[in-house]
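Coordinates as given in entry_38.pdb (PDB, C-alpha atoms):
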MODEL        1
ATOM      1  CA  MET Z   1      93.385  18.745  82.063
ATOM      2  CA  ASP Z   2      91.896  16.013  79.910
ATOM      3  CA  ILE Z   3      90.122  17.385  76.864
ATOM      4  CA  LYS Z   4      86.942  15.534  75.978
ATOM      5  CA  ALA Z   5      86.352  14.777  72.299
ATOM      6  CA  GLY Z   6      83.341  16.522  70.802
ATOM      7  CA  HIS Z   7      82.097  19.694  69.162
ATOM      8  CA  TYR Z   8      82.695  23.110  70.720
ATOM      9  CA  LYS Z   9      82.388  26.796  69.845
ATOM     10  CA  ALA Z  10      85.659  28.685  69.419
ATOM     11  CA  ARG Z  11      87.150  31.923  68.138
ATOM     12  CA  ALA Z  12      90.652  32.608  66.815
ATOM     13  CA  ILE Z  13      92.940  34.696  68.988
ATOM     14  CA  LYS Z  14      94.335  37.515  66.832
ATOM     15  CA  GLY Z  15      98.092  37.732  66.910
ATOM     16  CA  MET Z  16      98.540  34.124  68.070
ATOM     17  CA  GLU Z  17      99.063  32.622  64.614
ATOM     18  CA  HIS Z  18     102.337  30.955  63.694
ATOM     19  CA  TYR Z  19     103.710  30.356  60.181
ATOM     20  CA  GLY Z  20     105.766  27.213  59.755
ATOM     21  CA  GLU Z  21     106.599  24.045  57.933
ATOM     22  CA  SER Z  22     105.812  20.490  58.979
ATOM     23  CA  GLY Z  23     108.473  17.813  59.284
ATOM     24  CA  THR Z  24     107.572  16.661  55.775
ATOM     25  CA  GLY Z  25     107.994  20.134  54.295
ATOM     26  CA  THR Z  26     104.298  21.024  54.030
ATOM     27  CA  LEU Z  27     103.566  24.652  54.845
ATOM     28  CA  GLN Z  28     101.386  25.029  57.919
ATOM     29  CA  LEU Z  29      99.650  27.871  59.692
ATOM     30  CA  THR Z  30      98.966  27.300  63.379
ATOM     31  CA  ILE Z  31      95.945  29.172  64.740
ATOM     32  CA  GLU Z  32      95.299  29.527  68.468
ATOM     33  CA  LEU Z  33      91.587  29.190  69.280
ATOM     34  CA  ASN Z  34      89.827  30.313  72.450
ATOM     35  CA  VAL Z  35      87.366  27.590  73.554
ATOM     36  CA  PRO Z  36      85.202  29.080  76.358
ATOM     37  CA  ALA Z  37      83.464  25.791  77.225
ATOM     38  CA  LEU Z  38      86.867  24.302  78.077
ATOM     39  CA  GLY Z  39      88.224  27.442  79.725
ATOM     40  CA  ARG Z  40      91.372  27.311  77.632
ATOM     41  CA  SER Z  41      92.828  27.790  74.194
ATOM     42  CA  LEU Z  42      93.779  25.082  71.715
ATOM     43  CA  LYS Z  43      95.765  25.032  68.481
ATOM     44  CA  THR Z  44      94.554  23.976  65.080
ATOM     45  CA  PHE Z  45      96.864  23.415  62.136
ATOM     46  CA  LEU Z  46      96.022  24.539  58.607
ATOM     47  CA  TYR Z  47      98.107  22.911  55.892
ATOM     48  CA  PHE Z  48      99.007  24.432  52.538
ATOM     49  CA  SER Z  49      99.699  21.914  49.794
ATOM     50  CA  GLU Z  50      98.101  21.566  46.389
ATOM     51  CA  ALA Z  51      95.348  19.364  47.842
ATOM     52  CA  ALA Z  52      94.951  20.989  51.274
ATOM     53  CA  THR Z  53      95.028  24.713  50.434
ATOM     54  CA  PRO Z  54      91.339  25.039  49.405
ATOM     55  CA  TYR Z  55      90.229  23.528  52.730
ATOM     56  CA  SER Z  56      92.592  25.710  54.753
ATOM     57  CA  MET Z  57      91.368  28.818  52.937
ATOM     58  CA  GLU Z  58      87.771  27.802  53.647
ATOM     59  CA  ARG Z  59      88.593  27.520  57.356
ATOM     60  CA  LEU Z  60      90.297  30.923  57.375
ATOM     61  CA  ARG Z  61      87.202  32.433  55.726
ATOM     62  CA  ALA Z  62      84.971  30.744  58.320
ATOM     63  CA  LEU Z  63      87.018  32.453  61.057
ATOM     64  CA  GLY Z  64      86.308  35.814  59.413
ATOM     65  CA  TRP Z  65      89.408  36.526  57.354
ATOM     66  CA  SER Z  66      88.459  38.209  54.073
ATOM     67  CA  GLY Z  67      91.870  39.266  52.819
ATOM     68  CA  SER Z  68      94.107  38.013  50.048
ATOM     69  CA  ASP Z  69      97.487  38.361  51.776
ATOM     70  CA  LEU Z  70      98.189  35.548  54.234
ATOM     71  CA  ARG Z  71     100.720  37.773  56.006
ATOM     72  CA  LYS Z  72      97.816  39.953  57.180
ATOM     73  CA  LEU Z  73      95.128  37.941  58.919
ATOM     74  CA  ASP Z  74      92.891  40.886  59.867
ATOM     75  CA  GLY Z  75      89.420  39.709  60.884
ATOM     76  CA  ILE Z  76      90.563  36.197  61.766
ATOM     77  CA  ASP Z  77      88.931  36.654  65.176
ATOM     78  CA  ALA Z  78      85.640  38.045  63.812
ATOM     79  CA  ASN Z  79      83.563  34.856  63.785
ATOM     80  CA  GLU Z  80      82.757  32.173  66.285
ATOM     81  CA  VAL Z  81      83.170  28.775  64.639
ATOM     82  CA  GLU Z  82      82.408  25.184  65.490
ATOM     83  CA  ILE Z  83      85.405  22.974  66.124
ATOM     84  CA  GLU Z  84      85.685  19.227  66.443
ATOM     85  CA  ILE Z  85      88.135  17.691  68.885
ATOM     86  CA  ARG Z  86      88.941  14.037  68.343
ATOM     87  CA  SER Z  87      91.549  11.546  69.451
ATOM     88  CA  GLU Z  88      93.975  10.166  66.901
ATOM     89  CA  THR Z  89      97.155   8.152  66.910
ATOM     90  CA  TYR Z  90     100.127   9.772  65.214
ATOM     91  CA  GLU Z  91     103.446   7.952  64.972
ATOM     92  CA  GLY Z  92     102.197   5.500  67.592
ATOM     93  CA  LYS Z  93     101.257   8.190  70.113
ATOM     94  CA  PRO Z  94      97.740   9.324  71.071
ATOM     95  CA  GLN Z  95      96.983  12.969  70.479
ATOM     96  CA  LYS Z  96      94.043  15.348  70.183
ATOM     97  CA  ARG Z  97      93.214  16.860  66.812
ATOM     98  CA  VAL Z  98      91.346  20.169  66.630
ATOM     99  CA  GLU Z  99      89.602  20.929  63.355
ATOM    100  CA  ILE Z 100      87.459  23.879  62.289
ATOM    101  CA  VAL Z 101      84.167  22.521  60.971
ATOM    102  CA  THR Z 102      83.062  24.029  57.664
ATOM    103  CA  ARG Z 103      80.450  23.014  55.150
ATOM    104  CA  GLY Z 104      83.165  21.004  53.405
ATOM    105  CA  THR Z 105      83.973  19.000  56.545
ATOM    106  CA  ALA Z 106      80.680  18.906  58.409
ATOM    107  CA  ALA Z 107      78.898  15.578  58.550
ATOM    108  CA  LYS Z 108      75.597  14.831  60.188
ATOM    109  CA  THR Z 109      74.537  11.535  61.623
ATOM    110  CA  ILE Z 110      71.602   9.689  60.094
ATOM    111  CA  ASP Z 111      70.070   6.426  61.186
ATOM    112  CA  ALA Z 112      71.094   3.148  59.537
ATOM    113  CA  ASP Z 113      67.689   2.575  57.890
ATOM    114  CA  ALA Z 114      67.730   5.977  56.178
ATOM    115  CA  PHE Z 115      71.340   5.422  55.120
ATOM    116  CA  ALA Z 116      70.559   1.984  53.634
ATOM    117  CA  ALA Z 117      67.477   3.318  51.822
ATOM    118  CA  ARG Z 118      69.444   6.158  50.247
ATOM    119  CA  VAL Z 119      72.265   3.852  49.135
ATOM    120  CA  ALA Z 120      69.693   1.448  47.660
ATOM    121  CA  ALA Z 121      68.121   4.323  45.733
ATOM    122  CA  LEU Z 122      71.506   5.403  44.417
ATOM    123  CA  THR Z 123      72.485   1.907  43.328
ATOM    124  CA  ALA Z 124      69.065   1.311  41.744
ATOM    125  CA  ALA Z 125      69.447   4.522  39.753
ATOM    126  CA  SER Z 126      72.877   3.436  38.523
ATOM    127  CA  GLY Z 127      71.710  -0.084  37.678
ATOM    128  CA  LYS Z 128      74.469  -1.608  39.782
ATOM    129  CA  PRO Z 129      73.600  -3.809  42.770
ATOM    130  CA  VAL Z 130      74.860  -3.078  46.273
TER     131      VAL Z 130
ENDMDL
END
Please express the file's structure as structure tokens.
Amino acid sequence: MDIKAGHYKARAIKGMEHYGESGTGTLQLTIELNVPALGRSLKTFLYFSEAATPYSMERLRALGWSGSDLRKLDGIDANEVEIEIRSETYEGKPQKRVEIVTRGTAAKTIDADAFAARVAALTAASGKPV
């Protein structure tokens, strides 16, 4: 089944998490997500490094986890979340990436005129030209 890129609603499947380590040694937590619109489940990977941990924790909180012990993910299936599925190339091979959208990762589209006007206002305020 080909998975179409886009935004979907999903919920974690309790008990289907996997603790591991990436090939580069970065700690990772794999979460299985039920995606009703696709009629299947998909995996998302949360990474735990100095830079990535705050974002992974934010995604766990979005799913409904409110604990402090990562060995006990009670509530991880409490909330429906928005996910983004997109195509990427990794090590020369196409793959689908599934990411939980949070306020830290959400982006909304604006038209080019509004974008240009806002950038112009920012650069005018700083005194530096575009």
Check your understanding: Can you list, as a list in words, every protein, DNA or RNA residue that comes within 12 Å of Leu29 (chain Z) when you count only C-alpha atoms, leaving out same-chain residues fewer than 4 positions away?
Key ->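 Near neighbours after the sequence-gap exclusion: Met16, Glu17, His18, Tyr19, Gly20, Glu21, Ser22, Lys43, Thr44, Phe45, Leu46, Tyr47, Phe48, Ser49, Ala52, Thr53, Ser56, Met57, Arg59, Leu60, Leu70, Arg71 and Leu73 of chain Z.
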**Study point:** Interatomic distance, CA of Ile76 (chain Z) to CA of Tyr90 (chain Z) (Å, one decimal)
**Key:** 28.3 Å
Practice item. Figure out the distance between CA of Lys93 (chain Z) and CA of Pro36 (chain Z), please, to one decimal in Å. Key: 27.1 Å
**Study point:** Nearby residues (only C-alpha atoms) at most 7 Å from His7 (chain Z), same-chain spacing under 4 positions excluded, as a PyMOL selection string
**Key:** chain Z and resi 82-85
Practice item. Go through Z:Val101, Z:Leu42, Z:Ala37, Z:Ala116 one by one, measure the shortest atom-to-atom distance of each to Leu63 (chain Z) using all atoms listed in the file, and give the residue with the smallest value. Key: Z:Val101
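Separating CA of Lys14 (chain Z) from CA of Tyr55 (chain Z) is a distance of 20.3 Å.
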Point to revise | Explicit residues for the PyMOL selection byres ((chain Z and resi 35) around 9) (as a list in words) | key: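 Expected selection for the PyMOL selection byres ((chain Z and resi 35) around 9) here is Tyr8, Lys9, Ala10, Arg11, Leu33, Asn34, Pro36, Ala37, Leu38, Gly39, Arg40, Ser41, Leu42 and Ile83 of chain Z.
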